Every structure is written in structure tokens, then in C-alpha cells.
Amino acid sequence: MTTELEIGLYIFMLAGFLGYHIITRVPPLLHTPLMSATNAIAGISLVGSLVVAGANYGPLSTILGFIAVTCSTTNVVGGFLITDRMLSMFKRSEEQTAQPRRVPFGRVLVTLIVLGAGVIAFLYWFQQRGEGPEWMVHPRLHAETLKYSYILSSALFILGLKGLSSPKYARKGMQAAAFGMLMAVVGTLFHPEIVTYKWIILGIIIGSIVGGTMGLRIPMTAVPQRTALSHSLGALAACLVGISEYFRHHGVLSAVVMIPLGFEVVVGGLTFTGSLMAAAKLQELLPGHPITYKGQNLLNFSLLAVIVGSLIYLVIAPATPVVFQVMVALSFVFGLLLVIPIGAADMPVVIALLNSYGGLADASMGFVLMNKIQIITGSLDGTSGFLLSLLMCRAMNRSVVNVLFGAFGKVEKEKSDQGAEAKGSVRSIFPEEVTALLEDVRSVIIVPGYGMAVAQAQHGVAELAKLLMQRGINVKYAIHPVAGRMPGHMNVLLAEANVPYDQLYGMEQINPYFPEADIALVVGANDVTNPAAKNDRNSPLYGMPILEVDRAKSIIVLKRSLRPGFAGVDNDLYYDPKCMMLFGDAKESLNKLFAALKS
Ligand code: NAP
């Protein structure tokens with residue numbers, strides 16, 4: 001006879017294949033929304049958390065469940081809101097209207113909280129009266145409500161992700177997925193083991209306020225760190241539910257439960273602290289450069305070996321809480337140590353990988369609670385994160401191992417200074433001279449990079465492009481898949497500045513146009529334009545596909561100095577006789593250019 005475990009494994013595998021099929025069809029344009037969408041869907045850990053917070057499993061479980069509900073709600077509300085915000089910005093030229101749609105912050109938030117709290121308050125009220133209507137207390141109805149709401153929700157999640165294969169349907173797809181989440185949550189409220197809604201209501205209200213504020217207020221430039229923070233919350237929820245399950249059963253668990261439970265707390269724990277580190281590095285609360293020391297990899301591998309050893313011990317002798325506690329504590333430490341040696345610009349790969357770990361923690365929670373919707377979404381999430389990290393590595397011509405253990409981006413300052421001296425001089429230029437050059441051109445390709453995000457210059461770029469187009473100049477945007485600090489980061493920022501997505505060209509599409517371009521205007525991009533990636537076998541960037549800016553008739557670079565980009569490598573482009581440097585903050589330079597052109 002087929003056991004629940006076997007069915008779970010089949011579901012996990014099939015959902016993974018389906019996820020692969022759907023996610024490979026998501027265009028690079030929508031990779032950032034994809035990350036936040038899977039993040040929101042991963043908030044399905046909410047269904048497990050609701051049961052733990054509401055059931056009579058003891059005070060420890062209630063506290064852990066309450067925290068887990070708060071974290072998961074933050075993920076769900078924040079994730080769906082920011083995804084919708086991003087997707088509402090993607091428009092084609094003909095869809096562009098003068099005013100971007102403003103999200104009515106207060107109204108959306110209050111409606112969400114009132115809706116969620118209303119349903120729970122209704123159930124709570126009946127429960128307090130000690131009598132429920134027939135339909136509520138009927139155990140068969142509980143089971144049926146749960147079963148069908150989960151089946152429908154799974155279908156809506158898959159449809160939601162499928163919608164991301166085109167900007168046209170992406171928003172509707174995500175709205176369907178959000179509805180699926182609502183159904184799963186409402187269905188879970190009928191779970192027969194829930195005896196109180198007190199902590200559930202409180203957790204949902206706090207989570208909605210925090211998630212809603214993050215989802216609606218966070219600037220688009222801070223999307224990478226928000227995503228990392230959200231992953232950490234989702235992982236913490238999975239970890240806490242696992243801890244609650246272990247202590248609730250006093251460690252008396254069969255191997256079939258102990259294995260996924262151990263996996264859930266270990267992966268959840270390391271994803272929690274690892275993602276927190278990633279968010280702190282991206283927010284520049286911690287130094288962005290890789291922190292390395294002697295014997296680092298040896299220490300990390302030894303720690304991992306102790307964690308795996310503890311898990312094996314627990315499978316053999318599960319009722320040893322001390323070993324369990326040590327394993328959990330070491331997992332938290334391991335997450336921190338894993339991210340320390342990785343540079344800030346590699347954080348997107350780390351975030352995507354941690355996203356996939358978070359998915360696995362969710363799926364493990366599904367195995368522990370035998371909850372199939374968590375197995376499905378965990379598997380989808382795991383596949384999406386893993387695929388995105390592979391795509392990013394391919395775009396940089398690096399391996400995942402190199403990203404995780406290579407301490408890439410450790411700036412060797414002296415080396416790069418020596419290199420700069422050897423390469424000759426650079427030509428600097430003033431805004432008025434750029435204006436004069438722009439008078440006589442027919443085509444311009446704009447190349448945005450991380451510096452545009454730092455300077456928040458996307459609106460300035462869009463204004464300048466509009467002005468040039470009004471003068472009959474052909475303007476195109478060249479988008480490198482790993483420009484900025486998230487896959488698709490530039491697409492989101494430019495969409496925010498109302499740039500229609502049909503003006504954005506991917507690397508393979510735009511490279512043939514560079515020789516025809518009169519000017520390539522590089523705004524805060526560096527590594528993704530470095531010709532050393534094609535020409536210099538000794539460069540750490542060698543082999544990375546780049547935007548072939550050096551083939552344009554002339555090049556103007558907007559950046560503050562000759563400092564290298566994330567890879568810590570001097571850019572040969574700046575010594576090209578065709579290249580002119582407009583030094584200064586990109587936003588200020590663009591303002592000056594715009595004013596000079598207007599006058
Ligand atoms: P980059 O190579 O990191 O260079 C960004 C440049 O922006 C810097 O050289 C900096 O020069 C300039 N800058 C910073 N603040 C500025 C400001 N306020 N105004 C004007 N310029 C400013 O960026 P990139 O070309 O976008 O390349 C991205 C890097 O991240 C690549 O190495 C890529 O491999 C890595 N990465 C990206 C992803 C992803 O998903 N996007 C994933 C993994 C790794 P100054 O200091 O002189 O101004």
C-alpha cells in the first residue's frame with residue numbers, strides 16, 4: 001500500500017519538475033518580481049504556523065506558533081504587495097499613461113487587516129460562546145474544507161507563477177495566487193485542532209502591519225534587502241514550527257518524522273541567519289566586502305559535519321533534547337559563517353540559493369505535518385531559487401561553488417591602482433560638452449548599472465531619454481542580466497521611472513546594435529561593460545558575457561571616480577580613446593545634462 005510519505009515524495013518531485021518547466025519560461029525582465037512572488041508563496045508556512053499557534057499543544061508551542069504566524073504573515077502580505085507594485089509598473093509604450101498608478105497605502109492595508117481579522121473574529125466569537133453552528137463543528141466539514149481549499153490554492157499558485165511568463169498576464173496571475181493564499185489560510189482556520197484564535201489574530205495583525213508597510217513603502221532600490229529579510233522570516237517560521245513539533249512530542253518521533261523535522265530546523269535555522277546577514281550586507285549595515293580568515297572553509301565544513309552528525313544521532317536516538325538544541329544552535333551559527341565570506345554583489349545568488357533552501361524547509365515542514373500544499377509550494381520555491389541562482393552564475397560565467405567559497409570581489413587595491421597607471425590616461429568631459437555631442441547624434445544606447453540604483457538616478461535617466469526621443473534620437477536601453485544587485489534589478493527601476501519595457505533590450509538583443517550607436521551612455525555600470533571579460537585571460541571577469549559598449553562610436557561613462565566595480569577589477573573601457581568620463585554622482589550629472597540640453 002502506498003504510504004503518506006510515498007505520496008508526499010511523488011508530489012514533491014512532480015511539483016519540482018512543474019516548477020522547472022514554468023520558471024524557465026519567466027523572462028529575465030520579470031526575475032525580480034519572480035523572487036518576491038516565490039517569497040510570498042513561501043509564506044504558505046503560515047498554514048502550519050496557524051495550527052501550532054491555535055492548537056492546545058502547550059505554552060511553548062503557542063509562543064513559537066505565534067511568532068511563526070507573525071513572520072509568515074509578514075512574508076505573505078509584504079511579498080504579494082511588493083510583487084503587485086512592481087508588476088503594475090511594467091508597461092509597453094502604448095500602455096504608458098502620464099501618471100503612474102498610486103497605491104492607496106492606508107486603504108489597502110486597513111482592508112487587508114479588517115478582512116483577515118474579521119474572519120478570525122467570527123470564528124473566535126462562536127468558539128467563546130461554546131457552541132458552534134452545525135456546519136462549523138462537523139468534523140467532516142473541517143476535513144473537506146481543508147482538503148478542497150488546499151487543492152484549489154495549489155492550482156492557483158501554479159497558475160500565478162505561470163502568469164509570470166509574460167508581463168501582460170503577470171499581475172492577474174499573482175492576484176490569483178494571492179487569492180489562493182487567502183483560501184488556504186481560511187481553509188486552515190477550520191482545522192479541527194485549532195482551539196483558540198487569540199494568538200492567530202494578534203500574529204496576523206502584527207504581520208499585516210509590518211508586511212504591508214514593507215510591501216508598500218520600501219523603495220524599489222531596496223528590493224534586494226527586503227527579499228533577503230523576507231526569506232529570513234519565512235525560514236524562521238519553518239524552524240520554529242519544527243522546534244515546536246519536536247518538544248510537543250518530547251522527542252519521541254519515528255525516523256520518518258525525525259528526518260524531515262531535522263532538515264526543517266537545520267535548513268530553516270541556517271537560512272534565517274544567512275538571509276539576515278545578506279540583508280545587512282545589502283543595506284550596508286555590515287561591510288559589503290568578503291570577510292575571510294585562515295581555515296575558514298575547514299571550519300565551515302567541520303561545523304556542517306557536526307550538524308549532520310547530530311541529525312543522524314537524533315534519527316537513531318530522537319529523545320535527546322540536548323543534541324537537538326545543539327544542532328539548532330549550530331545551524332544558526334552556520335548560516336552566519338556561510339555568508340560572511342561572500343561579497344555584497346554576490347548576495348543575489350546567495351538570496352536565490354537561500355530562497356531555495358527556504359523552500360526545502362517549507363517542504364520538510366509539509367512532510368512533518370503531512371500537509372501537501374506545503375510540499376508543493378516548498379518544491380516550487382526550491383526549484384525557482386535554485387534555477388535563478390544557476391542563471392545568475394551562468395550570466396557571470398562563474399560556478400555556484402566559486403560564489404559561495406571564492407570570496408569574489410575582495411578588492412586588491414594596490415593591484416588595481418598599479419593596473420590603472422599602466423593602462424594610460426582617461427579623458428574626462430563636462431556636462432556642457434556632452435550636451436554638444438548629443439546635438440549631432442541619431443542613436444543612443446543607455447547602459448544602466450548598480451551606480452544608477454545607488455544614485456537613484458532612474459528618473460533622471462528616463463527624463464533624459466524622453467528628451468532625446470522628442471528630438472528624434474533613437475534611444476534604446478541595454479540591460480545586462482546581472483547589472484545591479486538582483487537579477488532584473490534594472491528592469492524594475494526603469495519600470496518605476498515609467499520606461500516602457502519594449503525599450504529595454506537584453507544583452508543578446510542589444511549587442512549587435514552597439515556598432516551603429518553614436519553614443520553609448522553608461523550610467524553607473526562597470527563590470528558588465530569591462531572588455532577584459534573578452535580580451536584578458538588573466539582577468540577574474542574573463543569569460544563573463546558583457547554588453548559590448550566598446551563597439552559603440554563613442555562612449556560616455558557617468559560615475560564618480562575610476563574606482564572599480566564589485567569585481568574589484570580596473571575597467572579597460574575607460575582607457576579607450578573613444579571613451580569620455582563624466583565624473584560625479586549619476587543623478588547630479590543627469591540633472592546637469594538635462595538642464596543644459598533644455599536650455
Ligand atoms: P558594478 O560593477 O558593481 O559597478 C557599479 C559602479 O557604479 C561602480 O564602479 C561605482 O563607481 C558606480 N557608482 C556607485 N555609486 C554611484 C553614484 N552615486 N553615481 C554614479 N556612479 C556610481 O555594477 P554593474 O556594472 O551593475 O555590475 C554588477 C556586478 O554585480 C557584477 O560584477 C555582477 O557580476 C555582480 N552581481 C550581480 C548580480 C545581479 O543579480 N544583479 C548577482 C551577482 C553578482 P564609482 O564608485 O566610481 O562611482
# chains A, B, ... in the order shown; residues from 1 in each chain; ligands from 1

call {"tool": "residues_around", "arguments": {"residues": "region 306-314 of chain A", "least_positions_apart": "4", "cutoff": "12 Å", "atoms": "only C-alpha atoms", "output": "JSON, numbers by chain"}}
result
{"A": [246, 251, 252, 253, 254, 255, 256, 257, 258, 259, 260, 261, 262, 263, 264, 265, 266, 267, 269, 270, 299, 300, 301, 302, 318, 319, 320, 321, 322, 323, 324, 325, 326, 327, 328, 329, 330, 331, 332, 333, 334, 335]}

call {"tool": "write_last_selection", "arguments": {"atoms": "C-alpha atoms", "output": "compact mmCIF listing (two decimals), in the first residue's frame"}}
result
# COMPACT_ATOMS: atom_id res chain seq x y z
CA TYR A 246 9.93 18.20 18.47
CA GLY A 251 11.40 13.93 21.05
CA VAL A 252 9.53 10.66 20.70
CA LEU A 253 9.42 10.62 16.93
CA SER A 254 9.82 7.94 14.31
CA ALA A 255 12.73 8.17 11.87
CA VAL A 256 10.24 9.05 9.11
CA VAL A 257 9.28 12.20 11.02
CA MET A 258 12.67 12.95 12.60
CA ILE A 259 14.48 13.18 9.25
CA PRO A 260 12.29 15.89 7.70
CA LEU A 261 11.92 17.62 11.05
CA GLY A 262 15.69 17.76 11.49
CA PHE A 263 16.04 19.02 7.95
CA GLU A 264 13.34 21.64 8.56
CA VAL A 265 15.03 23.12 11.66
CA VAL A 266 18.58 22.92 10.29
CA VAL A 267 17.79 24.42 6.88
CA GLY A 269 17.87 27.95 11.03
CA LEU A 270 20.77 28.49 8.65
CA LEU A 299 35.77 25.44 9.98
CA ASN A 300 32.57 25.68 7.93
CA PHE A 301 32.80 22.09 6.71
CA SER A 302 33.58 20.83 10.23
CA PRO A 318 15.43 11.05 18.91
CA ALA A 319 14.63 11.66 22.58
CA THR A 320 17.90 13.51 23.28
CA PRO A 321 16.86 17.17 23.55
CA VAL A 322 20.39 18.36 24.31
CA VAL A 323 21.63 17.08 20.94
CA PHE A 324 18.60 18.67 19.30
CA GLN A 325 19.31 22.04 20.94
CA VAL A 326 22.99 21.91 19.95
CA MET A 327 22.01 21.07 16.38
CA VAL A 328 19.61 24.04 16.18
CA ALA A 329 22.13 26.46 17.71
CA LEU A 330 24.90 25.32 15.34
CA SER A 331 22.57 25.74 12.35
CA PHE A 332 22.06 29.40 13.29
CA VAL A 333 25.82 29.88 13.58
CA PHE A 334 26.46 28.02 10.31
CA GLY A 335 24.13 30.39 8.40

call {"tool": "select_by_dssp", "arguments": {"residues": "region 249-432 of chain A", "states": "helix (DSSP H, G or I)", "output": "number ranges by chain"}}
result
A: 255-282, 296-316, 321-339, 344-369, 372-396, 400-405, 413-422, 431-432

call {"tool": "closest_residue", "arguments": {"among": "A:His31, A:Ala228, A:Leu338, A:Cys71", "to": "ligand 1", "atoms": "only C-alpha atoms and all ligand atoms"}}
result
A:His31

call {"tool": "residues_around", "arguments": {"residues": "Pro545 (chain A)", "least_positions_apart": "5", "cutoff": "12 Å", "atoms": "only C-alpha atoms", "output": "list of chain:residue names"}}
result
A:Met392, A:Cys393, A:Arg394, A:Ala395, A:Met396, A:Asn397, A:Arg398, A:His480, A:Pro481, A:Val482, A:Ala483, A:Gly506, A:Met507, A:Glu508, A:Asn511, A:Asp527, A:Val528, A:Thr529, A:Asn530, A:Pro531, A:Ala532, A:Ala533, A:Lys534, A:Asn535

call {"tool": "write_last_selection", "arguments": {"atoms": "N, CA, C and O atoms", "output": "compact mmCIF listing (two decimals), in the first residue's frame"}}
result
# COMPACT_ATOMS: atom_id res chain seq x y z
N MET A 392 21.99 33.19 -12.76
CA MET A 392 22.90 34.30 -12.43
C MET A 392 24.35 33.88 -12.59
O MET A 392 25.17 34.61 -13.15
N CYS A 393 24.66 32.66 -12.11
CA CYS A 393 26.04 32.18 -12.21
C CYS A 393 26.44 32.08 -13.68
O CYS A 393 27.55 32.44 -14.06
N ARG A 394 25.52 31.59 -14.50
CA ARG A 394 25.82 31.46 -15.93
C ARG A 394 26.08 32.85 -16.53
O ARG A 394 27.01 33.03 -17.32
N ALA A 395 25.28 33.84 -16.13
CA ALA A 395 25.46 35.19 -16.68
C ALA A 395 26.78 35.80 -16.24
O ALA A 395 27.26 36.75 -16.83
N MET A 396 27.40 35.25 -15.18
CA MET A 396 28.68 35.79 -14.72
C MET A 396 29.84 34.86 -15.08
O MET A 396 30.98 35.13 -14.72
N ASN A 397 29.51 33.75 -15.75
CA ASN A 397 30.49 32.72 -16.07
C ASN A 397 31.22 32.23 -14.82
O ASN A 397 32.44 32.10 -14.79
N ARG A 398 30.43 32.02 -13.77
CA ARG A 398 31.03 31.50 -12.52
C ARG A 398 30.21 30.34 -12.02
O ARG A 398 29.05 30.18 -12.40
N HIS A 480 21.95 44.25 -18.84
CA HIS A 480 22.72 43.03 -18.58
C HIS A 480 21.98 42.21 -17.52
O HIS A 480 21.44 42.78 -16.56
N PRO A 481 21.96 40.87 -17.67
CA PRO A 481 21.18 40.07 -16.71
C PRO A 481 21.63 40.22 -15.26
O PRO A 481 20.81 40.05 -14.36
N VAL A 482 22.93 40.55 -15.03
CA VAL A 482 23.33 40.72 -13.62
C VAL A 482 23.79 42.15 -13.31
O VAL A 482 24.55 42.37 -12.37
N ALA A 483 23.30 43.12 -14.08
CA ALA A 483 23.59 44.51 -13.72
C ALA A 483 22.83 44.81 -12.43
O ALA A 483 21.71 44.34 -12.24
N GLY A 506 17.63 43.02 -23.91
CA GLY A 506 18.52 42.09 -23.20
C GLY A 506 19.89 42.09 -23.87
O GLY A 506 20.07 42.65 -24.96
N MET A 507 20.86 41.46 -23.22
CA MET A 507 22.24 41.51 -23.71
C MET A 507 22.39 40.97 -25.14
O MET A 507 23.00 41.62 -25.98
N GLU A 508 21.81 39.80 -25.39
CA GLU A 508 21.97 39.21 -26.73
C GLU A 508 21.29 40.06 -27.79
O GLU A 508 21.78 40.19 -28.91
N ASN A 511 23.55 43.69 -28.19
CA ASN A 511 24.96 43.72 -28.60
C ASN A 511 25.16 44.01 -30.10
O ASN A 511 26.03 44.81 -30.45
N ASP A 527 31.42 46.59 -14.20
CA ASP A 527 31.86 45.23 -14.56
C ASP A 527 31.17 44.70 -15.82
O ASP A 527 31.79 44.01 -16.63
N VAL A 528 29.88 45.01 -15.96
CA VAL A 528 29.11 44.42 -17.06
C VAL A 528 29.49 45.02 -18.42
O VAL A 528 28.95 44.64 -19.45
N THR A 529 30.43 46.01 -18.39
CA THR A 529 30.86 46.62 -19.64
C THR A 529 32.36 46.42 -19.87
O THR A 529 32.92 46.95 -20.82
N ASN A 530 33.02 45.69 -18.97
CA ASN A 530 34.50 45.63 -18.99
C ASN A 530 35.01 44.71 -20.12
O ASN A 530 34.79 43.49 -20.08
N PRO A 531 35.71 45.28 -21.13
CA PRO A 531 36.17 44.45 -22.25
C PRO A 531 37.17 43.37 -21.83
O PRO A 531 37.39 42.42 -22.57
N ALA A 532 37.76 43.52 -20.61
CA ALA A 532 38.69 42.50 -20.13
C ALA A 532 38.00 41.14 -20.07
O ALA A 532 38.66 40.10 -20.20
N ALA A 533 36.71 41.14 -19.90
CA ALA A 533 35.95 39.87 -19.84
C ALA A 533 36.07 39.11 -21.16
O ALA A 533 35.94 37.88 -21.20
N LYS A 534 36.35 39.87 -22.27
CA LYS A 534 36.50 39.21 -23.58
C LYS A 534 37.98 39.00 -23.91
O LYS A 534 38.34 38.01 -24.53
N ASN A 535 38.81 39.99 -23.48
CA ASN A 535 40.17 40.03 -24.02
C ASN A 535 41.28 39.57 -23.08
O ASN A 535 42.36 39.22 -23.53

call {"tool": "residues_near_ligand", "arguments": {"ligand": "ligand 1", "cutoff": "6 Å", "atoms": "only C-alpha atoms and all ligand atoms", "output": "ChimeraX atom specification"}}
result
/A:345-346,348-349,392,396,449-451,454-455,482-487,524-528,558-567,585-586

call {"tool": "write_last_selection", "arguments": {"atoms": "N, CA, C and O atoms", "output": "short mmCIF file (atom, residue, chain, number, x, y, z; two decimals), in the first residue's frame"}}
result
data_model
loop_
_atom_site.label_atom_id
_atom_site.label_comp_id
_atom_site.auth_asym_id
_atom_site.auth_seq_id
_atom_site.Cartn_x
_atom_site.Cartn_y
_atom_site.Cartn_z
N ALA A 345 27.85 42.09 -3.71
CA ALA A 345 27.25 41.99 -5.04
C ALA A 345 26.89 40.55 -5.39
O ALA A 345 26.11 40.31 -6.30
N ASP A 346 27.47 39.59 -4.68
CA ASP A 346 27.09 38.20 -4.92
C ASP A 346 25.89 37.80 -4.09
O ASP A 346 25.42 36.66 -4.17
N PRO A 348 22.75 38.44 -4.46
CA PRO A 348 21.59 37.91 -5.18
C PRO A 348 21.65 36.40 -5.37
O PRO A 348 20.63 35.72 -5.25
N VAL A 349 22.85 35.89 -5.66
CA VAL A 349 22.98 34.44 -5.83
C VAL A 349 22.69 33.76 -4.49
O VAL A 349 21.98 32.75 -4.41
N MET A 392 21.99 33.19 -12.76
CA MET A 392 22.90 34.30 -12.43
C MET A 392 24.35 33.88 -12.59
O MET A 392 25.17 34.61 -13.15
N MET A 396 27.40 35.25 -15.18
CA MET A 396 28.68 35.79 -14.72
C MET A 396 29.84 34.86 -15.08
O MET A 396 30.98 35.13 -14.72
N GLY A 449 23.58 50.56 -14.61
CA GLY A 449 24.22 49.57 -13.75
C GLY A 449 23.96 49.91 -12.29
O GLY A 449 23.15 50.80 -11.97
N TYR A 450 24.68 49.23 -11.43
CA TYR A 450 24.44 49.37 -10.00
C TYR A 450 24.49 50.83 -9.54
O TYR A 450 23.73 51.25 -8.67
N GLY A 451 25.40 51.62 -10.14
CA GLY A 451 25.53 53.04 -9.74
C GLY A 451 24.24 53.81 -9.96
O GLY A 451 23.95 54.76 -9.22
N VAL A 454 22.29 53.14 -6.87
CA VAL A 454 22.84 53.84 -5.70
C VAL A 454 22.44 55.31 -5.76
O VAL A 454 22.00 55.90 -4.77
N ALA A 455 22.58 55.90 -6.95
CA ALA A 455 22.29 57.33 -7.09
C ALA A 455 20.78 57.60 -7.19
O ALA A 455 20.38 58.75 -7.16
N VAL A 482 22.93 40.55 -15.03
CA VAL A 482 23.33 40.72 -13.62
C VAL A 482 23.79 42.15 -13.31
O VAL A 482 24.55 42.37 -12.37
N ALA A 483 23.30 43.12 -14.08
CA ALA A 483 23.59 44.51 -13.72
C ALA A 483 22.83 44.81 -12.43
O ALA A 483 21.71 44.34 -12.24
N GLY A 484 23.45 45.58 -11.55
CA GLY A 484 22.79 45.91 -10.28
C GLY A 484 23.00 44.82 -9.25
O GLY A 484 23.99 44.10 -9.29
N ARG A 485 22.07 44.69 -8.35
CA ARG A 485 22.23 43.75 -7.24
C ARG A 485 21.10 42.72 -7.14
O ARG A 485 20.90 42.13 -6.09
N MET A 486 20.36 42.53 -8.24
CA MET A 486 19.32 41.50 -8.29
C MET A 486 19.14 41.15 -9.75
O MET A 486 19.30 42.02 -10.60
N PRO A 487 18.79 39.92 -10.08
CA PRO A 487 18.50 39.65 -11.49
C PRO A 487 17.26 40.45 -11.88
O PRO A 487 16.25 40.43 -11.18
N GLY A 524 26.52 54.40 -14.32
CA GLY A 524 26.80 53.61 -13.11
C GLY A 524 27.02 52.12 -13.35
O GLY A 524 26.95 51.35 -12.41
N ALA A 525 27.25 51.74 -14.60
CA ALA A 525 27.58 50.32 -14.86
C ALA A 525 29.09 50.22 -14.99
O ALA A 525 29.73 51.13 -15.49
N ASN A 526 29.65 49.12 -14.55
CA ASN A 526 31.10 48.98 -14.62
C ASN A 526 31.47 47.57 -15.10
O ASN A 526 31.76 47.37 -16.28
N ASP A 527 31.42 46.59 -14.20
CA ASP A 527 31.86 45.23 -14.56
C ASP A 527 31.17 44.70 -15.82
O ASP A 527 31.79 44.01 -16.63
N VAL A 528 29.88 45.01 -15.96
CA VAL A 528 29.11 44.42 -17.06
C VAL A 528 29.49 45.02 -18.42
O VAL A 528 28.95 44.64 -19.45
N LEU A 558 29.12 57.75 -16.86
CA LEU A 558 28.76 58.57 -15.70
C LEU A 558 29.08 57.78 -14.44
O LEU A 558 28.41 56.78 -14.14
N LYS A 559 30.10 58.17 -13.72
CA LYS A 559 30.41 57.57 -12.41
C LYS A 559 31.24 58.56 -11.62
O LYS A 559 31.64 59.59 -12.16
N ARG A 560 31.47 58.25 -10.34
CA ARG A 560 32.09 59.26 -9.50
C ARG A 560 33.60 59.30 -9.60
O ARG A 560 34.22 60.33 -9.37
N SER A 561 34.20 58.14 -9.91
CA SER A 561 35.66 58.07 -9.88
C SER A 561 36.12 56.95 -10.81
O SER A 561 35.30 56.38 -11.52
N LEU A 562 37.39 56.60 -10.71
CA LEU A 562 37.88 55.45 -11.50
C LEU A 562 37.84 54.18 -10.68
O LEU A 562 38.38 53.15 -11.09
N ARG A 563 37.20 54.23 -9.50
CA ARG A 563 37.16 53.06 -8.64
C ARG A 563 36.52 51.88 -9.36
O ARG A 563 35.60 52.07 -10.16
N PRO A 564 37.01 50.67 -9.07
CA PRO A 564 36.43 49.50 -9.75
C PRO A 564 35.03 49.19 -9.25
O PRO A 564 34.58 49.71 -8.24
N GLY A 565 34.35 48.32 -9.98
CA GLY A 565 33.02 47.86 -9.57
C GLY A 565 33.15 46.71 -8.60
O GLY A 565 34.22 46.54 -7.98
N PHE A 566 32.12 45.90 -8.50
CA PHE A 566 32.10 44.85 -7.50
C PHE A 566 33.26 43.87 -7.65
O PHE A 566 33.87 43.45 -6.66
N ALA A 567 33.63 43.53 -8.90
CA ALA A 567 34.67 42.51 -9.10
C ALA A 567 36.04 43.00 -8.65
O ALA A 567 36.98 42.21 -8.56
N ASP A 585 28.24 62.17 -9.13
CA ASP A 585 27.08 61.34 -8.82
C ASP A 585 26.16 61.30 -10.05
O ASP A 585 25.91 62.35 -10.67
N ALA A 586 25.70 60.11 -10.40
CA ALA A 586 24.95 59.96 -11.66
C ALA A 586 23.71 60.85 -11.70
O ALA A 586 23.41 61.45 -12.73
#

call {"tool": "closest_residue", "arguments": {"among": "A:Pro540, A:Gly274, A:Gly460, A:Gly163", "to": "Leu354 (chain A)", "atoms": "only C-alpha atoms"}}
result
A:Gly274

call {"tool": "residues_around", "arguments": {"residues": "Tyr148 (chain A)", "least_positions_apart": "2", "cutoff": "12 Å", "atoms": "only C-alpha atoms", "output": "VMD selection string"}}
result
chain A and resid 141 to 146 150 to 155 180 183 to 184 186 to 188 372 to 373

call {"tool": "residues_around", "arguments": {"residues": "region 47-60 of chain A", "least_positions_apart": "5", "cutoff": "7 Å", "atoms": "only C-alpha atoms", "output": "PDB file with C-alpha atoms, in the first residue's frame"}}
result
ATOM      1  CA  GLY A  65       3.418  29.332  16.710  1.00  0.00           C
ATOM      2  CA  PHE A  66       2.512  32.964  17.396  1.00  0.00           C
ATOM      3  CA  ALA A  68       5.752  31.887  13.221  1.00  0.00           C
ATOM      4  CA  VAL A  69       2.299  33.287  12.297  1.00  0.00           C
ATOM      5  CA  VAL A 185      -5.498  30.378   5.185  1.00  0.00           C
ATOM      6  CA  THR A 188      -6.813  26.174   7.724  1.00  0.00           C
ATOM      7  CA  GLU A 193      -7.078  21.034  16.233  1.00  0.00           C
ATOM      8  CA  ILE A 194      -7.400  24.820  16.486  1.00  0.00           C
ATOM      9  CA  VAL A 195      -8.964  25.666  19.855  1.00  0.00           C
ATOM     10  CA  THR A 196      -8.149  29.362  20.167  1.00  0.00           C
ATOM     11  CA  TYR A 197      -7.846  32.227  17.692  1.00  0.00           C
ATOM     12  CA  TRP A 199      -2.738  34.362  19.123  1.00  0.00           C
ATOM     13  CA  ILE A 200      -3.637  33.862  15.495  1.00  0.00           C
ATOM     14  CA  VAL A 241       7.303  25.094  13.866  1.00  0.00           C
ATOM     15  CA  SER A 244       7.563  23.125  18.497  1.00  0.00           C
ATOM     16  CA  ARG A 248       5.494  18.708  21.757  1.00  0.00           C
TER      17      ARG A 248
END

call {"tool": "atom_distance", "arguments": {"atom1": "CA of Met181 (chain A)", "atom2": "CA of Ser149 (chain A)"}}
result
9.4 Å

call {"tool": "closest_residue", "arguments": {"among": "A:Leu29, A:Leu182, A:Glu6, A:Val339", "to": "Ile479 (chain A)", "atoms": "only C-alpha atoms"}}
result
A:Leu29

call {"tool": "decode", "arguments": {"residues": "region 285-292 of chain A", "atoms": "all heavy atoms", "output": "tab-separated table (two decimals), in the first residue's frame"}}
result
chain	number	residue	atom	x	y	z
A	285	LEU	N	24.73	47.68	6.45
A	285	LEU	CA	24.86	47.71	7.90
A	285	LEU	C	26.12	46.94	8.29
A	285	LEU	O	26.68	47.13	9.35
A	285	LEU	CB	23.64	47.06	8.57
A	285	LEU	CG	22.30	47.75	8.32
A	285	LEU	CD1	21.14	46.95	8.88
A	285	LEU	CD2	22.32	49.15	8.94
A	286	LEU	N	26.53	46.02	7.41
A	286	LEU	CA	27.76	45.26	7.60
A	286	LEU	C	28.64	45.53	6.39
A	286	LEU	O	28.13	45.86	5.32
A	286	LEU	CB	27.45	43.76	7.66
A	286	LEU	CG	26.78	43.23	8.92
A	286	LEU	CD1	26.43	41.77	8.75
A	286	LEU	CD2	27.72	43.40	10.12
A	287	PRO	N	29.98	45.38	6.54
A	287	PRO	CA	30.83	45.62	5.37
A	287	PRO	C	30.46	44.70	4.21
A	287	PRO	O	30.20	43.51	4.42
A	287	PRO	CB	32.24	45.31	5.88
A	287	PRO	CG	32.12	44.87	7.29
A	287	PRO	CD	30.71	45.00	7.74
A	288	GLY	N	30.39	45.28	3.01
A	288	GLY	CA	29.95	44.51	1.84
A	288	GLY	C	31.02	43.58	1.30
A	288	GLY	O	30.73	42.60	0.61
A	289	HIS	N	32.31	43.86	1.64
A	289	HIS	CA	33.37	43.03	1.07
A	289	HIS	C	33.43	41.67	1.77
A	289	HIS	O	33.00	41.55	2.92
A	289	HIS	CB	34.72	43.75	1.16
A	289	HIS	CG	35.10	44.08	2.58
A	289	HIS	ND1	35.67	43.16	3.41
A	289	HIS	CD2	34.95	45.22	3.31
A	289	HIS	CE1	35.88	43.72	4.59
A	289	HIS	NE2	35.45	44.96	4.56
A	290	PRO	N	33.98	40.66	1.09
A	290	PRO	CA	34.06	39.34	1.71
A	290	PRO	C	34.96	39.37	2.94
A	290	PRO	O	36.02	39.98	2.91
A	290	PRO	CB	34.68	38.47	0.62
A	290	PRO	CG	34.58	39.25	-0.63
A	290	PRO	CD	34.54	40.69	-0.27
A	291	ILE	N	34.53	38.74	4.01
A	291	ILE	CA	35.37	38.66	5.22
A	291	ILE	C	35.94	37.24	5.26
A	291	ILE	O	35.19	36.27	5.36
A	291	ILE	CB	34.55	38.96	6.49
A	291	ILE	CG1	33.96	40.37	6.41
A	291	ILE	CG2	35.41	38.78	7.75
A	291	ILE	CD1	32.94	40.70	7.46
A	292	THR	N	37.25	37.17	5.12
A	292	THR	CA	37.87	35.84	5.07
A	292	THR	C	38.93	35.71	6.17
A	292	THR	O	39.45	36.71	6.64
A	292	THR	CB	38.55	35.60	3.71
A	292	THR	OG1	39.42	36.69	3.45
A	292	THR	CG2	37.54	35.50	2.58
